[in-house]
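Colleague: Below is a structure I'd like to ask you about.
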Amino acid sequence: MKFSEAWLREFVNPDVDTATLAEQLTMAGLEVESIEPVAGAFSGVVVARVISVSPHPNAEKLSVCQVFDGEQTMQVVCGAPNVRDGLITAFARVGAVLPGEFKIKKAKLRGEESNGMLCSEDELAVGEDTSGIIELDAELSIGADLRAELQLDDVSIDCDLTPNRGDCFSLTGIARETGVLNNLSVQLPECVAVPALVDDVFPVRVEDFSGCPRYLGRVIRNIDAGKRAPLWMREKLRRCGLRSIDPVVDITNYVMLELGQPMHAFDLAQLHDEIIVRKARGDERLTMLDGSDLALDSNTLLIADAKGPVAIAGVMGGEHSGINSKTTDVFLECAFFATLPIAGTARSYGLHTDASLRYERGVDHQLQRKAVERATALLIEIVGGAPGPIVDTYDADSLPQPVVCRLRFNRLTRLVGMEIPESDVLTILERLGLVVTDKQANDVDGVIWTVDVPSHRFDIALEEDLVEEICRIYGYNNIPNTAPVTHLQLSQVVLEATPSQRIKHLLADLGYQEVITYSFVEPVMMDLLSPENTTESIQLTNPMSVDQSVMRVNLLPGLIKCQLDNANRQQSRIRVFEIGLCFISGASSAITDLDQRLTLGGLLWGERNEESWHAKAELSDYYDLKGDVEQVLELTGHSGVEFRVTKDAVLHPGQSADIYENGKKLGRMGRLHPEIEQRLEIRSAVYVFELYVDPLLVHAHVTHGEISRYPSVRRDLSLLVGREVALAKLESIVRRHAGAFLTNFRVFDVYHGEGIDSTAKSVAVGLTFQHPSRTLTELEINDCVDTAVQALEADIGARLR
């Protein structure tokens with residue numbers, strides 16, 4: 001919210017300077033982002049009248065002007081196309097200093113003497129218009145200092161408001177806060193009812209009261225839209241960040257800034273039969289005031305007439321029904337729209353306007369009639385016209401209901417950490433416009449106040465909101481810093497569970513960095529990285545943007561975006577992981593039928609090791625990924641898992657696996673499919689894994705046996721097996737049949753090539769045996785090895801080389 005300090009001081013004028021005022025607002029939660037002067041640094045510029053204009057004898061584009069500055073008439077050479085007889089403008093006398101330390105001197109331009117300079121907005125840094133010199137109002141005093149006459153010793157203050165403080169998107173709201181902070185009364189603008197001078201009305205029909213609980217309209221006949229808004233209004237708009245457009249639009253913008261109520265004016269001649277507030281239908285389209293042509297979604301709330309849409313409710317009007325210089329009759333619209341539909345509409349079309357910003361944050365539902373009366377009075381004052389009666393269409397049940405909150409004194413004291421005197425609490429509530437309607441007391445809660453919340457404070461609904469308000473106004477700096485005191489108890493340790501923090505520490509030790517990515521992702525990316533779950537993606541009703549409009553069903557979109565961002569910033573080695581929720585919809589679309597699956601995801605890309613002088617740079621591969629996953633599984637007590645061939649469309653068919661334990665899937669791992677890498681323009685292999693956290697953290701109770709003091713014995717076997725036989729299958733058979741004293745199984749060589757059948761491979765394995773209480777005999781070891789070899793031959797056709 002950007003506003004003029006001088007305009008604010010018309011409402012409430014505390015005896016503090018600008019810096020102190022900004023500090024007060026910031027400490028009250030209305031953070032001041034910037035303070036900027038409304039005009040450049042200049043002196044010696046006065047209000048002057050152009051007496052006469054004649055062509056320059058030696059330059060076609062220049063004019064020789066006679067200018068009266070209140071003291072004398074001087075000749076000035078000017079090149080502005082809008083200079084004319086009788087124009088009131090800004091005149092820099094000889095000796096004046098303009099922004100940038102530019103000093104005005106007497107000069108000759110193409111042989112004609114020039115005693116000063118007629119100035120444009122840009123030259124005085126009071127605007128951006130460079131097309132001509134400033135045109136001032138005739139009411140200004142000729143010869144008066146321009147800075148003083150236009151009150152240019154002013155600043156624009158820009159506040160970054162939190163989403164809950166929609167009531168402060170107006171000078172009225174900022175003035176209320178300033179008055180409360182300085183214990184001053186506020187002089188709010190007078191909104192006197194303007195009587196109808198004609199009986200003309202334009203019918204209004206609301207079909208969707210849930211989106212538009214109240215709609216007011218008023219016809220105003222015979223305006224002069226060719227006039228210009230007065231300078232004081234244009235200046236106030238400029239200092240608040242809005243440009244002047246035409247008098248009718250300027251007035252609606254002015255009322256919006258003053259009261260916080262967005263308004264819109266239609267050219268009545270372009271409306272047909274009636275106004276209808278409804279949802280979009282079929283394949284309707286609308287060309288907006290900014291020239292964009294939109295295909296309207298069926299969820300979009302529209303302002304329509306008998307022939308079709310004329311505006312998107314609460315966002316922007318249509319081009320066809322807008323005000324122009326030929327407009328003589330207007331239909332003034334002022335409505336209360338529900339917050340969520342407007343927010344969703346503005347974001348879906350990318351139309352973020354001053355009106356939609358206010359409706360998104362909230363508007364006082366009792367403000368509309370006051371705004372219509374205020375705008376009507378200004379219209380009649382500036383462009384004339386005859387108003388008709390106000391048409392007020394509303395549904396009482398759809399309007400916000402009065403809010404009543406309870407405030408317990410003891411609860412306030414506990415939350416704040418100190419006791420604020422009751423008298424101070426009541427004073428603060430009164431200054432905020434919060435009306436205490438009842439007072440009770442008991443031994444537990446102390447004093448209990450019942451508080452009626454005014455309609456403009458739609459952000460207050462809970463007791464905690466009242467506590468926050470009291471803290472804000474009392475002053476956070478007045479609350480002492482005290483360390484909280486609590487009694488800690490040792491929690492019970494579950495031996496069959498692994499804390500997720502241990503997994504994070506392990507991955508950090510392995511060189512990974514934890515990331516936290518959005519749960520809302522781009523639909524195209526989600527479809528690419530989860531093609532089998534496209535029907536399960538949950539669409540957001542009110543997304544922050546199109547790129548964050550569906551909920552993720554796996555962690556890959558966020559992890560891969562992290563990889564892309566880091567690779568684009570010249571990172572050559574990326575190791576990241578995340579533990580987060582994934583959202584899988586059930587058979588129905590109900591929110592209760594939603595599987596929120598906590599998942600551990602990780603990504604490897606780039607070089608295996610950090611750059612070093614003693615080692616050759618090598619890229620990570622599938623086995624780096626598998627080793628890291630196995631370490632996580634071993635830490636969590638799942639070392640006996642099975643890696644199965646997967647048909648996952650997202651992963652490389654030859655470098656991927658599903659992870660199972662006791663027939664239940666624990667996750668997946670592998671390289672991204674090359675086609676996906678190509679579509680994402682990733683220049684080398686990306687390896688990812690996902691593990692389901694809930695089953696991962698739970699494991700069987702671990703028991704520890706005695707370490708044997710007796711020697712172990714190793715037997716090496718060289719086996720010929722089919723090339724399709726997985727090593728995990730081979731290990732499983734050996735472990736089942738080699739006996740209880742097999743303590744280790746290790747594959748130390750795999751070979752296929754010359755001397756080996758093309759359908760087979762040679763696998764060398766090492767088997768280690770050890771008895772816990774005695775030395776194994778040669779016969780016992782041979783029996784175990786023979787049994788294992790026979791089982792391998794029977795199950796997978798293996799034979800010794």
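Going by the structure tokens order, chains are called A, B, ..., each with residues numbered from 1, while ligands are numbered from 1 in the order shown.
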Name all residues at most 7 Å from stretch 446-454 of chain A (count only C-alpha atoms; drop same-chain ones fewer than 4 positions away) and give them as a list of chain:residue names.
Modeller: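 Non-adjacent residues within range: A:Val403, A:Val404, A:Cys405, A:Arg406, A:Leu407, A:Arg408, A:Phe409, A:Asn410, A:Gly433, A:Leu434, A:Val435, A:Val436, A:Thr437, A:Asp438, A:Lys439, A:Gln440, A:Ala441, A:Asn442.
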Colleague: Write a file of the just-selected residues containing all heavy atoms, as a CSV table (one decimal), in the first residue's frame.
Modeller:
```csv
chain,number,residue,atom,x,y,z
A,403,VAL,N,-19.0,-10.8,14.2
A,403,VAL,CA,-18.0,-11.7,15.0
A,403,VAL,C,-18.0,-11.2,16.4
A,403,VAL,O,-17.8,-10.0,16.7
A,403,VAL,CB,-16.6,-11.6,14.3
A,403,VAL,CG1,-15.6,-12.4,15.1
A,403,VAL,CG2,-16.7,-12.1,12.9
A,404,VAL,N,-18.1,-12.2,17.3
A,404,VAL,CA,-18.0,-11.9,18.7
A,404,VAL,C,-16.8,-12.8,19.3
A,404,VAL,O,-16.8,-14.0,19.0
A,404,VAL,CB,-19.3,-12.2,19.5
A,404,VAL,CG1,-19.1,-12.0,21.0
A,404,VAL,CG2,-20.4,-11.3,18.9
A,405,CYS,N,-15.9,-12.2,20.0
A,405,CYS,CA,-14.8,-12.9,20.5
A,405,CYS,C,-14.8,-12.8,22.1
A,405,CYS,O,-15.2,-11.8,22.6
A,405,CYS,CB,-13.4,-12.4,20.0
A,405,CYS,SG,-13.2,-12.8,18.2
A,406,ARG,N,-14.2,-13.8,22.7
A,406,ARG,CA,-14.0,-13.8,24.1
A,406,ARG,C,-12.5,-13.6,24.5
A,406,ARG,O,-11.7,-14.2,23.8
A,406,ARG,CB,-14.5,-15.1,24.8
A,406,ARG,CG,-14.5,-15.1,26.3
A,406,ARG,CD,-15.0,-16.4,26.8
A,406,ARG,NE,-14.1,-17.5,26.6
A,406,ARG,CZ,-14.1,-18.6,27.2
A,406,ARG,NH1,-14.9,-18.8,28.2
A,406,ARG,NH2,-13.2,-19.6,26.9
A,407,LEU,N,-12.2,-12.7,25.4
A,407,LEU,CA,-10.9,-12.5,25.9
A,407,LEU,C,-10.8,-12.7,27.3
A,407,LEU,O,-11.4,-12.0,28.1
A,407,LEU,CB,-10.4,-11.0,25.5
A,407,LEU,CG,-9.0,-10.6,26.0
A,407,LEU,CD1,-8.0,-11.5,25.3
A,407,LEU,CD2,-8.8,-9.2,25.7
A,408,ARG,N,-9.9,-13.7,27.7
A,408,ARG,CA,-9.7,-14.0,29.1
A,408,ARG,C,-8.4,-13.3,29.6
A,408,ARG,O,-7.3,-13.5,29.0
A,408,ARG,CB,-9.6,-15.5,29.3
A,408,ARG,CG,-10.9,-16.2,29.0
A,408,ARG,CD,-10.7,-17.7,28.9
A,408,ARG,NE,-9.9,-18.1,27.7
A,408,ARG,CZ,-9.5,-19.3,27.4
A,408,ARG,NH1,-9.8,-20.3,28.2
A,408,ARG,NH2,-8.8,-19.5,26.3
A,409,PHE,N,-8.5,-12.6,30.7
A,409,PHE,CA,-7.3,-11.8,31.2
A,409,PHE,C,-6.1,-12.7,31.5
A,409,PHE,O,-5.0,-12.4,31.2
A,409,PHE,CB,-7.7,-11.0,32.4
A,409,PHE,CG,-6.6,-10.1,32.9
A,409,PHE,CD1,-6.2,-9.0,32.2
A,409,PHE,CD2,-6.0,-10.4,34.1
A,409,PHE,CE1,-5.2,-8.2,32.6
A,409,PHE,CE2,-4.9,-9.6,34.5
A,409,PHE,CZ,-4.5,-8.5,33.8
A,410,ASN,N,-6.4,-13.8,32.2
A,410,ASN,CA,-5.3,-14.7,32.6
A,410,ASN,C,-4.7,-15.4,31.4
A,410,ASN,O,-3.5,-15.6,31.3
A,410,ASN,CB,-5.8,-15.8,33.5
A,410,ASN,CG,-6.2,-15.3,34.9
A,410,ASN,OD1,-5.9,-14.1,35.2
A,410,ASN,ND2,-6.8,-16.0,35.8
A,433,GLY,N,-11.6,0.2,18.2
A,433,GLY,CA,-13.0,0.1,17.8
A,433,GLY,C,-13.6,-1.3,18.2
A,433,GLY,O,-14.7,-1.6,17.7
A,434,LEU,N,-13.0,-2.0,19.0
A,434,LEU,CA,-13.5,-3.3,19.5
A,434,LEU,C,-14.3,-3.0,20.8
A,434,LEU,O,-13.8,-2.5,21.8
A,434,LEU,CB,-12.3,-4.2,19.9
A,434,LEU,CG,-11.4,-4.5,18.7
A,434,LEU,CD1,-10.1,-5.2,19.2
A,434,LEU,CD2,-12.1,-5.5,17.7
A,435,VAL,N,-15.6,-3.3,20.6
A,435,VAL,CA,-16.6,-2.9,21.7
A,435,VAL,C,-16.8,-4.0,22.7
A,435,VAL,O,-17.1,-5.1,22.3
A,435,VAL,CB,-17.9,-2.5,21.0
A,435,VAL,CG1,-18.9,-2.1,22.1
A,435,VAL,CG2,-17.8,-1.4,20.0
A,436,VAL,N,-16.5,-3.7,23.9
A,436,VAL,CA,-16.7,-4.7,25.0
A,436,VAL,C,-18.2,-4.6,25.4
A,436,VAL,O,-18.7,-3.6,25.9
A,436,VAL,CB,-15.8,-4.3,26.2
A,436,VAL,CG1,-16.1,-5.3,27.4
A,436,VAL,CG2,-14.3,-4.4,25.8
A,437,THR,N,-18.9,-5.7,25.2
A,437,THR,CA,-20.3,-5.8,25.5
A,437,THR,C,-20.6,-6.5,26.8
A,437,THR,O,-21.8,-6.4,27.3
A,437,THR,CB,-21.1,-6.4,24.3
A,437,THR,OG1,-20.5,-7.8,24.2
A,437,THR,CG2,-20.9,-5.7,23.0
A,438,ASP,N,-19.7,-7.2,27.3
A,438,ASP,CA,-20.0,-8.0,28.6
A,438,ASP,C,-18.7,-8.2,29.3
A,438,ASP,O,-17.6,-8.3,28.7
A,438,ASP,CB,-20.7,-9.3,28.2
A,438,ASP,CG,-21.1,-10.0,29.5
A,438,ASP,OD1,-21.5,-9.3,30.5
A,438,ASP,OD2,-21.1,-11.3,29.5
A,439,LYS,N,-18.8,-8.3,30.7
A,439,LYS,CA,-17.6,-8.6,31.5
A,439,LYS,C,-18.0,-9.5,32.6
A,439,LYS,O,-19.0,-9.3,33.4
A,439,LYS,CB,-17.1,-7.2,32.1
A,439,LYS,CG,-15.9,-7.4,33.0
A,439,LYS,CD,-15.5,-6.0,33.6
A,439,LYS,CE,-14.3,-6.2,34.5
A,439,LYS,NZ,-13.9,-4.9,35.1
A,440,GLN,N,-17.3,-10.6,32.7
A,440,GLN,CA,-17.5,-11.6,33.8
A,440,GLN,C,-16.1,-12.0,34.4
A,440,GLN,O,-15.1,-11.5,33.9
A,440,GLN,CB,-18.2,-12.8,33.2
A,440,GLN,CG,-19.6,-12.6,32.6
A,440,GLN,CD,-20.2,-13.8,32.1
A,440,GLN,OE1,-19.7,-14.9,32.2
A,440,GLN,NE2,-21.4,-13.6,31.5
A,441,ALA,N,-16.2,-12.8,35.4
A,441,ALA,CA,-14.9,-13.2,36.1
A,441,ALA,C,-15.1,-14.6,36.7
A,441,ALA,O,-16.2,-14.9,37.2
A,441,ALA,CB,-14.5,-12.2,37.1
A,442,ASN,N,-14.0,-15.3,36.8
A,442,ASN,CA,-14.0,-16.5,37.6
A,442,ASN,C,-12.6,-16.8,38.1
A,442,ASN,O,-11.6,-16.1,37.7
A,442,ASN,CB,-14.5,-17.8,36.8
A,442,ASN,CG,-13.7,-18.1,35.6
A,442,ASN,OD1,-12.5,-18.1,35.6
A,442,ASN,ND2,-14.4,-18.3,34.5
```
Colleague: For stretch 249-262 of chain A, list every protein, DNA or RNA residue within 6 Å, evaluated using only C-alpha atoms, and leave out those in the same chain fewer than 6 positions away; present the list as number ranges by chain.
Modeller: A: 169-172, 355
Colleague: Write out the residues from the selection above, keeping N, CA, C and O atoms, as a compact mmCIF listing (two decimals), in the first residue's frame.
Modeller:
```txt
# COMPACT_ATOMS: atom_id res chain seq x y z
N PHE A 169 -5.54 -1.39 3.22
CA PHE A 169 -5.33 -1.02 1.83
C PHE A 169 -6.13 0.24 1.48
O PHE A 169 -6.78 0.31 0.44
N SER A 170 -6.07 1.22 2.35
CA SER A 170 -6.75 2.49 2.12
C SER A 170 -6.17 3.52 3.07
O SER A 170 -5.56 3.18 4.09
N LEU A 171 -6.36 4.79 2.72
CA LEU A 171 -5.93 5.85 3.63
C LEU A 171 -6.72 5.80 4.92
O LEU A 171 -6.20 6.10 6.01
N THR A 172 -7.99 5.42 4.84
CA THR A 172 -8.81 5.30 6.05
C THR A 172 -8.22 4.27 6.99
O THR A 172 -8.12 4.50 8.21
N ALA A 355 -7.93 -3.64 -7.69
CA ALA A 355 -9.23 -4.13 -7.19
C ALA A 355 -9.11 -5.57 -6.70
O ALA A 355 -9.56 -5.90 -5.60
```
Colleague: Between atom CA of A:Thr482 and atom CA of A:Gly417, what is the distance, to one decimal in Å?
Modeller: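 If I compute the distance from atom CA of A:Thr482 to atom CA of A:Gly417, I get 7.7 Å.
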Colleague: Work out how far atom CA of A:Asn566 is from atom CA of A:Gly601, in Å to one decimal.
Modeller: 17.3 Å
Colleague: Just give me the gap between atom CA of A:Glu675 and atom CA of A:Lys561 in Å, one decimal is fine.
Modeller: 16.6 Å
Colleague: Looking at A:Glu618, A:Glu23, A:Glu634, A:Asp329, which one is nearest to A:Val248, with distances taken over only C-alpha atoms?
Modeller: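 Distance minimum relative to A:Val248 lands on A:Asp329.
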Colleague: I need the residues of stretch 157-268 of chain A that end up classed as strand (DSSP E or B) by DSSP on the backbone, written out as a VMD selection string.
Modeller: chain A and resid 157 to 160 204 to 206 214 to 221 264 to 267
Colleague: Just to be explicit: take each residue in the selection above, keep C-alpha atoms, and write the result as a JSON list (two decimals), in the first residue's frame.
Modeller:
```json
[["chain", "number", "residue", "atom", "x", "y", "z"],
["A", 157, "ILE", "CA", 5.35, 5.77, 2.00],
["A", 158, "ASP", "CA", 5.10, 2.19, 0.76],
["A", 159, "CYS", "CA", 3.92, -0.40, 3.31],
["A", 160, "ASP", "CA", 4.29, -4.14, 2.75],
["A", 204, "VAL", "CA", -29.54, -5.87, -11.40],
["A", 205, "ARG", "CA", -29.91, -9.62, -10.99],
["A", 206, "VAL", "CA", -27.50, -11.70, -8.90],
["A", 214, "ARG", "CA", -24.05, -7.64, -2.26],
["A", 215, "TYR", "CA", -24.17, -5.57, -5.45],
["A", 216, "LEU", "CA", -25.00, -1.86, -5.62],
["A", 217, "GLY", "CA", -25.58, 0.09, -8.82],
["A", 218, "ARG", "CA", -26.44, 3.67, -9.64],
["A", 219, "VAL", "CA", -27.22, 5.45, -12.89],
["A", 220, "ILE", "CA", -25.80, 8.96, -13.37],
["A", 221, "ARG", "CA", -27.04, 10.88, -16.40],
["A", 264, "HIS", "CA", -16.14, 0.28, -11.51],
["A", 265, "ALA", "CA", -17.99, 2.57, -13.91],
["A", 266, "PHE", "CA", -19.66, 1.30, -17.10],
["A", 267, "ASP", "CA", -20.74, 3.32, -20.09]]
```
